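Next comes final.cif, a file with mmCIF, C-alpha atoms.
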```
data_coords
#
loop_
_atom_site.label_atom_id
_atom_site.label_comp_id
_atom_site.auth_asym_id
_atom_site.auth_seq_id
_atom_site.Cartn_x
_atom_site.Cartn_y
_atom_site.Cartn_z
CA MET A 156 22.04 14.30 -80.80
CA ALA A 157 18.51 14.47 -82.11
CA ILE A 158 16.00 16.04 -79.76
CA GLU A 159 12.42 15.00 -80.14
CA GLY A 160 9.51 17.39 -79.97
CA ALA A 161 8.05 15.78 -76.86
CA GLU A 162 11.33 16.31 -74.99
CA ILE A 163 11.45 19.97 -75.89
CA ILE A 164 7.90 20.39 -74.64
CA LYS A 165 8.79 18.69 -71.36
CA ALA A 166 11.94 20.81 -71.00
CA ALA A 167 9.95 23.99 -71.60
CA ALA A 168 7.33 22.89 -69.08
CA PHE A 169 10.02 22.37 -66.39
CA LEU A 170 11.71 25.68 -67.08
CA GLY A 171 8.33 27.40 -67.23
CA ALA A 172 7.30 25.90 -63.90
CA GLY A 173 10.44 27.24 -62.26
CA LEU A 174 10.00 30.70 -63.76
CA SER A 175 6.30 30.78 -62.93
CA MET A 176 6.83 30.09 -59.24
CA GLY A 177 10.03 32.12 -58.98
CA LEU A 178 8.71 35.30 -60.56
CA GLY A 179 5.26 34.81 -59.06
CA ALA A 180 6.72 34.76 -55.55
CA ILE A 181 8.22 38.26 -55.78
CA GLY A 182 5.03 40.30 -55.72
CA PRO A 183 3.18 38.60 -52.87
CA GLY A 184 6.36 38.56 -50.76
CA VAL A 185 6.83 42.32 -51.06
CA GLY A 186 3.12 43.11 -50.81
CA GLU A 187 2.48 41.01 -47.73
CA GLY A 188 5.53 42.52 -46.11
CA MET A 189 4.12 46.02 -46.70
CA ALA A 190 0.76 45.01 -45.25
CA ALA A 191 2.47 43.66 -42.14
CA ALA A 192 4.63 46.80 -41.92
CA LYS A 193 1.55 49.02 -41.83
CA ALA A 194 -0.07 46.73 -39.28
CA CYS A 195 3.00 47.14 -37.04
CA GLU A 196 2.79 50.90 -37.47
CA ALA A 197 -0.91 50.91 -36.59
CA ILE A 198 -0.37 48.76 -33.48
CA GLY A 199 2.47 51.05 -32.45
CA LYS A 200 0.08 54.01 -32.65
CA ASN A 201 -2.88 52.25 -31.08
CA PRO A 202 -1.96 49.04 -29.23
CA LYS A 203 -5.53 48.59 -27.91
CA GLU A 204 -6.76 47.56 -31.34
CA ALA A 205 -4.12 44.83 -31.77
CA GLY A 206 -6.71 42.07 -32.26
CA LEU A 207 -8.69 43.91 -34.93
CA LEU A 208 -5.50 44.99 -36.70
CA THR A 209 -4.06 41.48 -36.73
CA ARG A 210 -7.29 40.16 -38.24
CA THR A 211 -7.36 42.85 -40.92
CA MET A 212 -3.70 42.28 -41.72
CA LEU A 213 -4.20 38.54 -42.14
CA VAL A 214 -7.24 38.99 -44.42
CA GLY A 215 -5.33 41.52 -46.54
CA GLN A 216 -2.31 39.24 -46.76
CA ALA A 217 -4.50 36.28 -47.69
CA VAL A 218 -5.86 38.27 -50.63
CA SER A 219 -2.40 39.32 -51.81
CA GLU A 220 -1.22 35.74 -51.37
CA SER A 221 -3.68 34.65 -54.06
CA THR A 222 -1.39 35.51 -56.98
CA GLY A 223 1.37 33.47 -55.34
CA ILE A 224 -1.03 30.54 -55.13
CA TYR A 225 -1.97 30.99 -58.80
CA SER A 226 1.74 30.71 -59.62
CA LEU A 227 2.02 27.60 -57.49
CA VAL A 228 -0.99 26.03 -59.23
CA ILE A 229 0.38 26.84 -62.68
CA ALA A 230 3.79 25.46 -61.71
CA LEU A 231 2.25 22.22 -60.44
CA LEU A 232 0.09 21.95 -63.58
CA LEU A 233 3.17 22.39 -65.76
CA LEU A 234 5.08 19.79 -63.76
CA PHE A 235 2.49 17.07 -63.42
CA VAL A 236 -0.38 17.60 -65.87
CA VAL A 237 0.98 19.09 -69.10
CA MET B 42 33.79 28.40 -88.10
CA SER B 43 34.10 26.11 -85.11
CA PHE B 44 35.66 26.64 -81.68
CA ASP B 45 37.29 24.10 -79.40
CA THR B 46 36.29 23.69 -75.77
CA GLN B 47 39.25 25.75 -74.51
CA THR B 48 37.97 28.76 -76.44
CA TRP B 49 34.55 28.47 -74.83
CA VAL B 50 36.16 28.18 -71.39
CA ASN B 51 38.08 31.42 -71.97
CA VAL B 52 34.94 33.10 -73.28
CA ALA B 53 33.05 32.02 -70.16
CA ALA B 54 35.81 33.23 -67.84
CA PHE B 55 35.82 36.73 -69.36
CA LEU B 56 32.04 36.91 -69.59
CA GLY B 57 31.71 35.70 -65.98
CA GLY B 58 34.32 38.19 -64.78
CA GLY B 59 32.56 41.03 -66.54
CA MET B 60 29.17 40.12 -65.14
CA ALA B 61 30.56 39.62 -61.62
CA MET B 62 31.93 43.14 -61.49
CA GLY B 63 29.18 44.73 -63.57
CA PHE B 64 26.30 43.44 -61.46
CA GLY B 65 28.40 43.67 -58.31
CA ALA B 66 28.91 47.41 -58.76
CA ILE B 67 25.18 48.24 -58.80
CA GLY B 68 24.33 47.73 -55.16
CA ALA B 69 27.30 49.24 -53.35
CA ALA B 70 27.15 52.40 -55.48
CA ILE B 71 23.46 52.98 -54.70
CA GLY B 72 23.93 52.21 -51.00
CA GLU B 73 26.94 54.49 -50.62
CA GLY B 74 25.23 57.27 -52.52
CA TYR B 75 22.28 57.03 -50.14
CA THR B 76 24.65 57.20 -47.15
CA ALA B 77 26.39 60.27 -48.51
CA ALA B 78 23.06 61.97 -49.19
CA GLU B 79 21.89 61.34 -45.63
CA ALA B 80 25.25 62.50 -44.25
CA ASN B 81 24.89 65.77 -46.13
CA SER B 82 21.44 66.34 -44.79
CA ALA B 83 22.68 65.45 -41.28
CA ILE B 84 25.58 67.94 -41.48
CA SER B 85 23.25 70.70 -42.63
CA ARG B 86 21.06 70.01 -39.61
CA ASN B 87 23.91 69.94 -37.08
CA PRO B 88 27.17 71.34 -38.55
CA ASP B 89 28.90 71.35 -35.13
CA ILE B 90 29.59 67.61 -35.27
CA SER B 91 30.36 67.40 -38.98
CA GLY B 92 33.64 65.58 -38.22
CA GLU B 93 31.86 62.80 -36.37
CA ILE B 94 29.22 62.45 -39.11
CA PHE B 95 31.86 62.43 -41.82
CA LYS B 96 33.76 59.67 -40.01
CA SER B 97 30.71 57.47 -39.60
CA MET B 98 29.71 58.06 -43.24
CA LEU B 99 33.09 56.71 -44.34
CA VAL B 100 32.91 53.70 -42.00
CA GLY B 101 29.40 52.88 -43.21
CA GLN B 102 30.40 53.25 -46.84
CA ALA B 103 33.41 51.01 -46.31
CA ILE B 104 31.12 48.23 -45.10
CA ALA B 105 28.72 48.72 -48.01
CA GLU B 106 31.72 48.54 -50.33
CA SER B 107 32.74 45.09 -49.11
CA ALA B 108 30.11 43.25 -51.20
CA SER B 109 31.49 44.99 -54.26
CA ILE B 110 35.06 44.06 -53.28
CA PHE B 111 34.02 40.39 -53.10
CA ALA B 112 32.79 40.77 -56.69
CA LEU B 113 36.07 42.40 -57.68
CA VAL B 114 38.01 39.48 -56.19
CA ILE B 115 35.94 36.93 -58.12
CA ALA B 116 36.27 38.98 -61.32
CA MET B 117 40.07 39.15 -60.90
CA ILE B 118 40.28 35.39 -60.31
CA LEU B 119 38.20 34.77 -63.43
CA LEU B 120 40.27 37.14 -65.54
CA PHE B 121 43.75 36.13 -64.49
CA THR B 122 43.60 32.38 -63.83
CA ASP B 123 44.46 29.94 -66.59
CA PHE B 124 41.55 27.53 -66.57
CA THR B 125 42.25 24.29 -68.36
CA SER B 126 39.29 22.98 -70.24
CA VAL B 127 37.86 19.72 -68.97
CA SER B 128 34.56 19.90 -70.79
CA CYS B 129 31.77 22.37 -71.44
CA VAL B 130 31.00 22.05 -67.72
CA THR B 131 34.08 24.18 -66.93
CA ALA B 132 32.66 27.00 -69.02
CA CYS B 133 29.36 26.80 -67.13
CA VAL B 134 31.19 26.76 -63.80
CA LEU B 135 33.03 29.99 -64.60
CA LEU B 136 29.87 31.68 -65.85
CA ALA B 137 27.87 30.56 -62.80
CA SER B 138 30.60 31.69 -60.42
CA GLY B 139 30.55 35.19 -61.89
CA LEU B 140 26.75 35.37 -61.94
CA SER B 141 26.46 34.18 -58.34
CA MET B 142 28.82 36.79 -56.92
CA GLY B 143 27.67 39.60 -59.19
CA LEU B 144 23.96 39.19 -58.48
CA GLY B 145 24.64 38.36 -54.83
CA ALA B 146 26.38 41.67 -54.19
CA ILE B 147 23.41 43.83 -55.27
CA GLY B 148 21.20 43.44 -52.20
CA SER B 149 23.90 43.68 -49.56
CA GLY B 150 25.41 46.77 -51.16
CA VAL B 151 22.12 48.67 -51.23
CA GLY B 152 21.06 47.32 -47.82
CA SER B 153 24.22 48.33 -45.97
CA GLY B 154 23.79 51.89 -47.14
CA PHE B 155 20.52 52.31 -45.19
CA PRO B 156 21.84 51.84 -41.61
CA ALA B 157 24.88 54.00 -42.39
CA GLY B 158 22.63 56.83 -43.60
CA ALA B 159 20.34 56.49 -40.60
CA ALA B 160 23.33 56.51 -38.22
CA CYS B 161 24.59 59.79 -39.74
CA LYS B 162 21.15 61.35 -39.41
CA GLY B 163 20.80 60.02 -35.88
CA MET B 164 24.09 61.60 -34.80
CA ALA B 165 22.88 64.97 -35.95
CA ARG B 166 19.73 64.50 -33.88
CA GLN B 167 21.34 62.99 -30.75
CA PRO B 168 25.11 63.58 -30.78
CA GLU B 169 25.55 61.95 -27.35
CA MET B 170 24.30 58.62 -28.76
CA SER B 171 26.91 58.46 -31.51
CA GLY B 172 28.83 55.56 -29.92
CA ARG B 173 25.75 53.40 -29.65
CA LEU B 174 24.61 54.39 -33.14
CA THR B 175 27.94 53.30 -34.59
CA THR B 176 27.67 49.96 -32.79
CA ASN B 177 24.18 49.30 -34.14
CA MET B 178 25.18 50.42 -37.61
CA LEU B 179 28.09 47.97 -37.57
CA ILE B 180 26.02 45.03 -36.27
CA GLY B 181 23.17 45.75 -38.69
CA SER B 182 25.46 46.13 -41.71
CA ALA B 183 27.36 42.99 -40.81
CA VAL B 184 24.14 40.97 -40.89
CA CYS B 185 23.30 42.66 -44.22
CA GLN B 186 26.53 41.36 -45.68
CA THR B 187 25.78 37.70 -44.96
CA PRO B 188 23.81 37.06 -48.19
CA ALA B 189 26.76 38.46 -50.19
CA ILE B 190 29.03 36.12 -48.23
CA PHE B 191 26.75 33.18 -49.11
CA ALA B 192 27.14 34.14 -52.77
CA LEU B 193 30.91 34.41 -52.32
CA VAL B 194 31.03 30.95 -50.75
CA THR B 195 29.07 29.51 -53.69
CA SER B 196 31.42 31.21 -56.16
CA PHE B 197 34.51 29.84 -54.42
CA ILE B 198 33.07 26.32 -54.19
CA LEU B 199 32.25 26.45 -57.90
CA LEU B 200 35.74 27.66 -58.79
CA PHE B 201 37.65 25.19 -56.66
CA THR B 202 35.61 22.00 -56.99
CA ASN B 203 36.63 19.42 -59.54
CA PHE B 204 33.56 18.65 -61.65
CA SER B 205 35.51 16.62 -64.22
CA GLY B 206 34.05 13.25 -63.20
CA ARG B 207 30.47 14.41 -63.77
CA PRO B 208 28.46 13.81 -66.94
CA VAL B 209 28.25 16.96 -69.08
CA SER B 210 24.47 16.78 -69.25
CA PRO B 211 22.76 17.59 -66.85
CA THR B 212 25.71 18.90 -64.75
CA TRP B 213 26.03 22.09 -66.83
CA ALA B 214 22.46 23.08 -65.98
CA ALA B 215 22.81 22.16 -62.30
CA ILE B 216 25.88 24.41 -62.05
CA LEU B 217 24.17 27.37 -63.72
CA GLY B 218 21.11 26.81 -61.54
CA ALA B 219 23.29 26.84 -58.42
CA GLY B 220 24.77 30.18 -59.46
CA PHE B 221 21.32 31.70 -60.02
CA ALA B 222 19.90 30.27 -56.77
CA SER B 223 22.50 31.77 -54.47
CA GLY B 224 23.05 34.95 -56.50
CA LEU B 225 19.43 35.99 -57.05
CA GLY B 226 18.46 34.61 -53.62
CA ALA B 227 20.83 37.04 -51.90
CA ILE B 228 19.22 40.18 -53.35
CA GLY B 229 16.05 40.28 -51.25
CA SER B 230 17.63 39.35 -47.93
CA GLY B 231 20.43 41.87 -48.29
CA LEU B 232 17.99 44.66 -49.06
CA GLY B 233 15.52 43.62 -46.35
CA GLY B 234 18.19 43.28 -43.66
CA GLY B 235 19.32 46.82 -44.43
CA LEU B 236 15.83 48.25 -43.95
CA VAL B 237 15.62 46.68 -40.48
CA ALA B 238 19.02 48.03 -39.44
CA GLU B 239 18.03 51.49 -40.68
CA ALA B 240 14.98 51.50 -38.43
CA SER B 241 17.10 50.49 -35.43
CA CYS B 242 19.52 53.40 -35.94
CA GLU B 243 16.64 55.81 -36.43
CA GLY B 244 14.87 54.43 -33.36
CA ILE B 245 17.88 54.76 -31.06
CA SER B 246 18.38 58.37 -32.04
CA ARG B 247 14.71 59.15 -31.42
CA GLN B 248 14.43 57.30 -28.14
CA PRO B 249 17.84 56.53 -26.59
CA LEU B 250 16.25 54.57 -23.72
CA SER B 251 14.89 51.92 -26.09
CA VAL B 252 18.32 50.62 -27.10
CA THR B 253 17.89 47.08 -25.75
CA PRO B 254 14.50 46.11 -27.22
CA VAL B 255 15.32 47.86 -30.50
CA THR B 256 18.59 45.94 -30.92
CA ASN B 257 17.03 42.61 -29.95
CA ILE B 258 14.07 42.94 -32.31
CA MET B 259 16.37 44.20 -35.07
CA LEU B 260 18.41 41.00 -34.82
CA LEU B 261 15.26 38.83 -34.68
CA GLY B 262 13.75 40.59 -37.70
CA GLN B 263 16.99 40.36 -39.66
CA ALA B 264 17.33 36.66 -38.85
CA VAL B 265 13.88 35.96 -40.32
CA THR B 266 14.74 38.12 -43.34
CA GLN B 267 17.85 36.02 -44.00
CA THR B 268 15.91 32.75 -44.25
CA THR B 269 15.13 33.04 -47.96
CA ALA B 270 18.82 33.62 -48.76
CA ILE B 271 19.52 30.43 -46.79
CA TYR B 272 16.95 28.55 -48.92
CA GLY B 273 18.82 29.82 -51.99
CA LEU B 274 22.12 28.59 -50.56
CA LEU B 275 20.56 25.23 -49.71
CA ILE B 276 19.23 24.70 -53.24
CA SER B 277 22.56 25.75 -54.74
CA PHE B 278 24.42 23.26 -52.49
CA ILE B 279 22.06 20.46 -53.53
CA LEU B 280 22.55 21.38 -57.19
CA MET B 281 26.34 21.48 -56.83
CA PHE B 282 26.88 18.34 -54.79
CA LYS B 283 24.14 15.90 -55.81
CA ALA B 284 25.32 13.39 -58.41
CA PHE B 285 22.83 13.50 -61.29
CA PRO B 286 22.68 10.53 -63.67
CA GLU B 287 23.81 11.14 -67.24
CA THR B 288 21.06 11.91 -69.70
CA SER B 289 20.78 12.65 -73.40
CA SER B 290 17.38 14.27 -73.03
CA ILE B 291 17.01 18.04 -72.75
CA ALA B 292 14.29 17.82 -70.08
CA PRO B 293 16.34 16.97 -66.91
CA PRO B 294 18.85 19.81 -67.42
CA MET B 295 16.00 22.28 -67.86
CA ALA B 296 14.38 21.01 -64.66
CA LEU B 297 17.60 21.73 -62.72
CA LEU B 298 18.05 25.17 -64.30
CA GLY B 299 14.38 25.86 -63.55
CA ALA B 300 14.89 24.82 -59.90
CA GLY B 301 17.77 27.29 -59.49
CA LEU B 302 15.87 30.15 -61.12
CA CYS B 303 12.72 29.32 -59.15
CA MET B 304 14.45 29.48 -55.77
CA GLY B 305 16.61 32.46 -56.68
CA LEU B 306 13.77 34.65 -57.97
CA GLY B 307 11.34 33.37 -55.35
CA ALA B 308 13.64 34.47 -52.53
CA ILE B 309 13.68 38.12 -53.61
CA GLY B 310 10.12 39.09 -52.71
CA PRO B 311 9.87 37.55 -49.23
CA GLY B 312 13.31 38.93 -48.32
CA VAL B 313 12.30 42.50 -49.18
CA GLY B 314 8.80 42.16 -47.72
CA GLU B 315 9.98 40.74 -44.40
CA GLY B 316 12.49 43.57 -44.26
CA PHE B 317 9.66 46.14 -44.59
CA THR B 318 7.75 44.41 -41.80
CA ALA B 319 10.64 44.27 -39.35
CA GLN B 320 11.64 47.84 -40.24
CA SER B 321 8.24 49.11 -39.23
CA ALA B 322 8.12 46.95 -36.09
CA VAL B 323 11.53 48.21 -34.90
CA ARG B 324 10.61 51.81 -35.70
CA TRP B 325 7.46 51.63 -33.60
CA ILE B 326 9.05 49.74 -30.72
CA ALA B 327 11.39 52.70 -30.38
CA ARG B 328 8.45 55.11 -30.28
CA ASN B 329 6.13 53.01 -28.13
CA GLU B 330 8.14 50.62 -26.01
CA ASN B 331 5.04 49.45 -24.09
CA ALA B 332 3.76 47.74 -27.23
CA THR B 333 6.93 45.67 -27.72
CA GLY B 334 5.16 42.35 -27.08
CA ASP B 335 2.27 43.05 -29.46
CA LEU B 336 4.61 44.41 -32.12
CA THR B 337 6.99 41.45 -31.94
CA ARG B 338 4.09 39.05 -32.25
CA ILE B 339 2.50 40.75 -35.23
CA MET B 340 5.90 41.18 -36.88
CA LEU B 341 6.53 37.45 -36.68
CA VAL B 342 3.01 36.56 -37.90
CA GLY B 343 3.30 39.02 -40.79
CA GLN B 344 6.75 37.74 -41.72
CA ALA B 345 5.55 34.13 -41.58
CA VAL B 346 2.79 34.90 -44.09
CA ALA B 347 5.22 36.81 -46.35
CA GLU B 348 7.57 33.82 -46.14
CA SER B 349 4.94 31.50 -47.61
CA THR B 350 5.68 32.31 -51.25
CA GLY B 351 9.36 31.71 -50.57
CA ILE B 352 8.43 28.29 -49.21
CA TYR B 353 6.30 27.56 -52.31
CA SER B 354 9.39 28.33 -54.39
CA LEU B 355 11.49 26.02 -52.23
CA VAL B 356 8.92 23.24 -52.66
CA ILE B 357 8.75 23.65 -56.44
CA ALA B 358 12.55 23.74 -56.65
CA LEU B 359 12.83 20.54 -54.61
CA VAL B 360 10.15 18.87 -56.75
CA LEU B 361 12.07 19.89 -59.88
CA ILE B 362 15.28 18.40 -58.47
CA PHE B 363 14.04 15.22 -56.81
CA VAL B 364 10.66 14.25 -58.30
CA VAL B 365 10.45 15.01 -62.02
#
```
Taking this structure as input, can you express it in the form of structure tokens?
Amino acid sequence: MAIEGAEIIKAAAFLGAGLSMGLGAIGPGVGEGMAAAKACEAIGKNPKEAGLLTRTMLVGQAVSESTGIYSLVIALLLLFVV
Amino acid sequence: MSFDTQTWVNVAAFLGGGMAMGFGAIGAAIGEGYTAAEANSAISRNPDISGEIFKSMLVGQAIAESASIFALVIAMILLFTDFTSVSCVTACVLLASGLSMGLGAIGSGVGSGFPAGAACKGMARQPEMSGRLTTNMLIGSAVCQTPAIFALVTSFILLFTNFSGRPVSPTWAAILGAGFASGLGAIGSGLGGGLVAEASCEGISRQPLSVTPVTNIMLLGQAVTQTTAIYGLLISFILMFKAFPETSSIAPPMALLGAGLCMGLGAIGPGVGEGFTAQSAVRWIARNENATGDLTRIMLVGQAVAESTGIYSLVIALVLIFVV
């Protein structure tokens, strides 16, 4: 079975897309969970500030989500563009 | 030097058996060690009830051990069954079965150690709550074990399904991908579920009156934590049972392997992160019961955001299976 160069490139792109999204999802998942954990702690200590804390938590999570979105973009590029 | 297919099948069976037990021993050992450490510190704090603490340490460790015992069972089956070679697919099936159970036992083993340790510590603090602490420890650890059971189910399906009618390529990659998806996908949820159960045991011992909300929110938080393991199981079922057309190209098999790895790895982070969130929510509901509503809401919002990367992984895995 002869494998052409173009096929190997496609195979590597598929595997790379999977690894990119899979590994890239670990960090944001843990990080956002920690942010939410501290927000829960803060609301437990001071329930009056729930609104402000929720807002801050969501902004912080949005920032830590960014690397997950980079992974998603790279995975989609590998799947459909390369 | 060339080997026939039967040789490769035997190689895969022994390699799979070794990896099942090798990986499967990691989690339970760490979890049980943590439990024993907490039990020691609990006995030094309150030596009068050392018998009670010792008993609950052993019960908790027995539950944490179960994930490892599943791995032992799979390893024994792989070592002592005579697998007849159908094609190279059989070798991949045996390897994937071992990987699935071995990797899948890590999270549940570590996770189940946390509630057991917290229950021992809680008994030292509030000996009169020991009955309720044992109950919560058992419920929490049982939920922790579910990802390991998902991995066990995948291993058994792989071992006892007849894949002989399938084309060798890309079935070999789909099978390996299925093993990775359910094995790696179980790590995060097992660990995360354990963190939540730990907080519930700690909370009950701090504030015995908060038993009901603490138990309810523990179960809710654990349920959300389990979702990524369920995504892993879903992808592994699709990979095992979908009939893929035969191909001579290398690209489709790599897409299926990539889908399994993507979902398996992508489930780890959200599982652990959601566990942290629910752990903190349960801990603070016990200390400040008046804020239960606010805490439940923010826990669910926080978990939903942490889930997003797990959903991205699910989407990419589905695209790899169905689109490209």
- Give me the result of the PyMOL selection byres ((chain A) within 8 of (chain B)) on this file, residue by residue, as a PyMOL selection string. chain A and resi 156+158+162-163+165-167+169-196+198-200+202+205+209+212-213+216+220+223-224+227+230-231+234
- Task: Step by step, work through what the PyMOL selection byres ((chain B and resi 249-263) around 7) selects in the shown file, and finish by giving those residues as a ChimeraX atom specification.
- Result: /B:234,237-238,241,245-248,264-267,319,323,326-327,330
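The interatomic distance for the pair atom CA of B:Ser141 and atom CA of B:Ser230 works out to 14.6 Å.
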Each stretch 177-214 of chain B residue no farther than 9 Å from stretch 94-105 of chain B, nearest pair in Å, all atoms listed in the file, as a Markdown table:
```
| residue | atom | partner | partner_atom | distance |
| --- | --- | --- | --- | --- |
| B:Met178 | CA | B:Gly101 | CA | 7.4 |
| B:Leu179 | CA | B:Gly101 | CA | 7.6 |
| B:Ser182 | CA | B:Ile104 | CA | 6.9 |
| B:Ala183 | CA | B:Ile104 | CA | 7.7 |
| B:Cys185 | CA | B:Ala105 | CA | 9.0 |
| B:Gln186 | CA | B:Ala105 | CA | 8.0 |
```
- Message: Can you translate the PyMOL selection byres ((chain B and resi 273) around 6) into the concrete residues it hits in this file, as a PyMOL selection string?
- Response: chain B and resi 222-223+226+270-272+274-276+304-305
